[in-house]
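Have a look at the structure below, then the notes.
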Amino acid sequence: MLQIEHLSATVGGKTILKGITLAVNAGEIHAIMGPNGAGKSTLGYVLGGRPGYEVTGGSVSFDGQDLLSKEPHARAAAGLFLGFQYPVEIPGVSNVQFLREALNAQRRARGEEPLSGGEFLRLAREKAALLRMDMEMLKRPVNVGFSGGEKKRAEMVQMGILDPRFAVLDETDSGLDIDALRIVGEGINAIMRKPDKGVLLITHYQRLLDYVKPDRVHVLAHGRIVKSGGPELALLLEEQGYEAVAA
Amino acid sequence: MNAIALPSRKSEAWRYADVDAVAPLWPLPEPERIVVPAGARFDRAIVHDAGGVTQLVLSLGRGATAALHLLNCGGAYSRIELDVTLHEGASFTFGGAQLGRDAETLEIVTTVTHAEPGAFSRQIVRSVLAGQATGTYLGKVAVARGADGTDAAQSVRAMLLDLTATANARPELEIFADDVKCAHGCAIGELDAAGLFYLESRGLAPAQAKQLMLQAFVAEAFAGAADEERLQALALARLGSLV
Ligand SMILES: Nc1ncnc2c1ncn2[C@@H]1O[C@H](COP(=O)(O)OP(=O)(O)OP(=O)(O)O)[C@@H](O)[C@H]1O
Ligand SMILES: [Mg+2]
């Protein structure tokens, strides 16, 4: 479903990704782990098309289409969702307004009918309930004044509403309390654990993987995938650390 | 109050003006004078979308309240001058948005005089400028001798969408009284790139993402206007042609 081949990228003139090859099939969830500064978020931003992240080699195909030639919004319409490590605050723009416009922009791009205000609110209520988020929070400006954990939970509400086919989730577990971690984990499963969907889950800890069981685990270090394995690799990493397992 | 001679850019209040565009309008008609009686309330929304110069002179009696909201957009040269005098305990709110493109010159020039004690004034001006447009805010707050307990604030922000656009902002204070609370803030910036990417990553095209952020920026000027929704809608439509 998502095929990354020999992907290299620079940020601010510095080479961060040094030839990443990775394939996620439909129905699979892959975890990416790795030390701070390894390039995990960079990989997410490159997949999302963030300006300033320059691809210097390799390719990414998504459902057989060249992902990298599309603009960020077109990638979203094609079904890609990027969960941010640091969700951005947008003062004065309510979640409800933003998400309705975003969803309808995606639907129009796919040739689908836009949702009416009522239809959208019903959908938003349903997804907020799934993530146990108070609907009132969705009426507030995007991420403004949200706690770290609330931002991550709001991102998952966004994902539920937009219903992507593929999600890159960058440390969605960081900042979550114990109960929220379970709710978010179950939310990811409910939204993304489907035969025609895929997930790249960037995380530092096993705890999220207890809920969202990965099919594959990759270690990204110094801009490369240095080791891949099954779910047991994450446990081994937790036990022994990167140095010992993937040096 | 109109000088006989054409204004020149040497005079402070006209230093950023498009004086060539003023010539055919000269001499300007007498300004509109509005007196808000003691304790009364006055509300007005002005949509200035065809250019020209509008001058308003407002006098607020004791304890009177006035709210003036302005959308200044369109016309090669569009200037609004407000001259407001506040008597004891009066309250004045001004919210203005200037949305310019091409080579438009948009100006808001205000003089708010706190003539007596305990009056309150708030001015919020938000400008969005594209192309070679120029947006100017010159705002003087004068606190007269004896106007103790004055509370005045000016918040001025401008967003430049192109490197070729210009924003001028000059809040000015002249205080001759005691126990006065005057605040002004002014900032000129560009749209937050991280915010734009965030919105785009959810499916909004760049122009739509910009429009959404700018709409929120401009909305601060219209908050609380009796005509808030109409002003918002007009601003949104105009922003669509700027991004
Ligand atoms: N604009 C930039 N200019 C130069 N270097 C940058 C820039 N942005 C990021 N980097 C560098 O790129 C490297 C990879 O950063 P990235 O955020 O992808 O790491 P990460 O694996 O997500 O780390 P973490 O686990 O801490 O989130 C880091 O060394 C970082 O300092
Ligand atoms: Mg990171």
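Every chain in the structure tokens has a letter given in the order shown (A, B, ...), and although residue numbers restart at 1 in each chain, ligands are simply numbered from 1 in the order shown.
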Under the rule of at most 6 Å, produce a per-residue listing of chain A near chain B: chain, number, name, the closest pair of atoms, and the distance in Å, as a tab-separated table, using only C-alpha atoms.
```
residue	atom	partner	partner_atom	distance
A:Pro72	CA	B:Ser201	CA	5.3
A:His73	CA	B:Gly203	CA	4.1
A:Ala76	CA	B:Gly203	CA	5.0
A:Ala77	CA	B:Gly203	CA	5.9
A:Val88	CA	B:Gly195	CA	5.9
A:Gly92	CA	B:Ala216	CA	4.7
A:Val93	CA	B:Ala216	CA	5.8
A:Ala102	CA	B:Gly203	CA	5.1
A:Gln106	CA	B:Gly203	CA	5.5
```
Site check for ligand 2: residues at most 10 Å away, only C-alpha atoms and all ligand atoms, as a short mmCIF file (atom, residue, chain, number, x, y, z; two decimals) with C-alpha atoms, in the first residue's frame:
```
data_model
loop_
_atom_site.label_atom_id
_atom_site.label_comp_id
_atom_site.auth_asym_id
_atom_site.auth_seq_id
_atom_site.Cartn_x
_atom_site.Cartn_y
_atom_site.Cartn_z
CA GLY A 34 14.66 4.91 17.20
CA PRO A 35 16.80 7.31 19.16
CA ASN A 36 16.12 11.04 19.41
CA GLY A 37 17.20 12.89 16.30
CA ALA A 38 17.23 9.75 14.16
CA GLY A 39 14.91 11.27 11.54
CA LYS A 40 11.55 9.73 12.49
CA SER A 41 9.61 13.00 12.43
CA THR A 42 11.50 14.02 9.32
CA LEU A 43 10.21 10.89 7.61
CA GLY A 44 6.67 11.84 8.63
CA TYR A 45 7.06 15.40 7.34
CA PHE A 84 1.92 15.49 14.51
CA GLN A 85 4.43 15.04 17.33
CA TYR A 86 3.68 18.67 18.14
CA ASP A 170 4.27 10.59 15.26
CA GLU A 171 4.52 9.91 18.99
CA ILE A 202 6.30 6.26 15.47
CA THR A 203 6.85 5.68 19.16
CA HIS A 204 9.49 5.42 21.86
#
```
### Selected residue, from A:Ser69, A:Ser228, A:Gln3, A:Thr10, that lies nearest to ligand 1 when counting only C-alpha atoms and all ligand atoms
A:Thr10
## Note on the structure
If you count only C-alpha atoms, the residue of B:Ala226, B:Val109, B:Val84, B:Ala233 closest to Val57 of chain B turns out to be B:Val84
### Message
Show me, as number ranges by chain, the residues that have an atom within 10 Å of Trp14 of chain B when counting only C-alpha atoms, minus same-chain residues fewer than 5 positions from it.
### Response
B: 7-9, 19, 107, 109, 138
Grab the residues selected above and save them as a PDB file, in the first residue's frame with C-alpha atoms.
```pdb
ATOM      1  CA  PRO B   7      -2.700  68.071   2.126  1.00  0.00           C
ATOM      2  CA  SER B   8       0.887  67.142   1.531  1.00  0.00           C
ATOM      3  CA  ARG B   9       2.853  64.181   2.797  1.00  0.00           C
ATOM      4  CA  VAL B  19      -2.039  62.523  -2.173  1.00  0.00           C
ATOM      5  CA  GLU B 107      -5.692  54.286   5.782  1.00  0.00           C
ATOM      6  CA  VAL B 109      -6.466  57.788  11.026  1.00  0.00           C
ATOM      7  CA  LEU B 138      -2.214  56.402  12.591  1.00  0.00           C
TER       8      LEU B 138
END
```
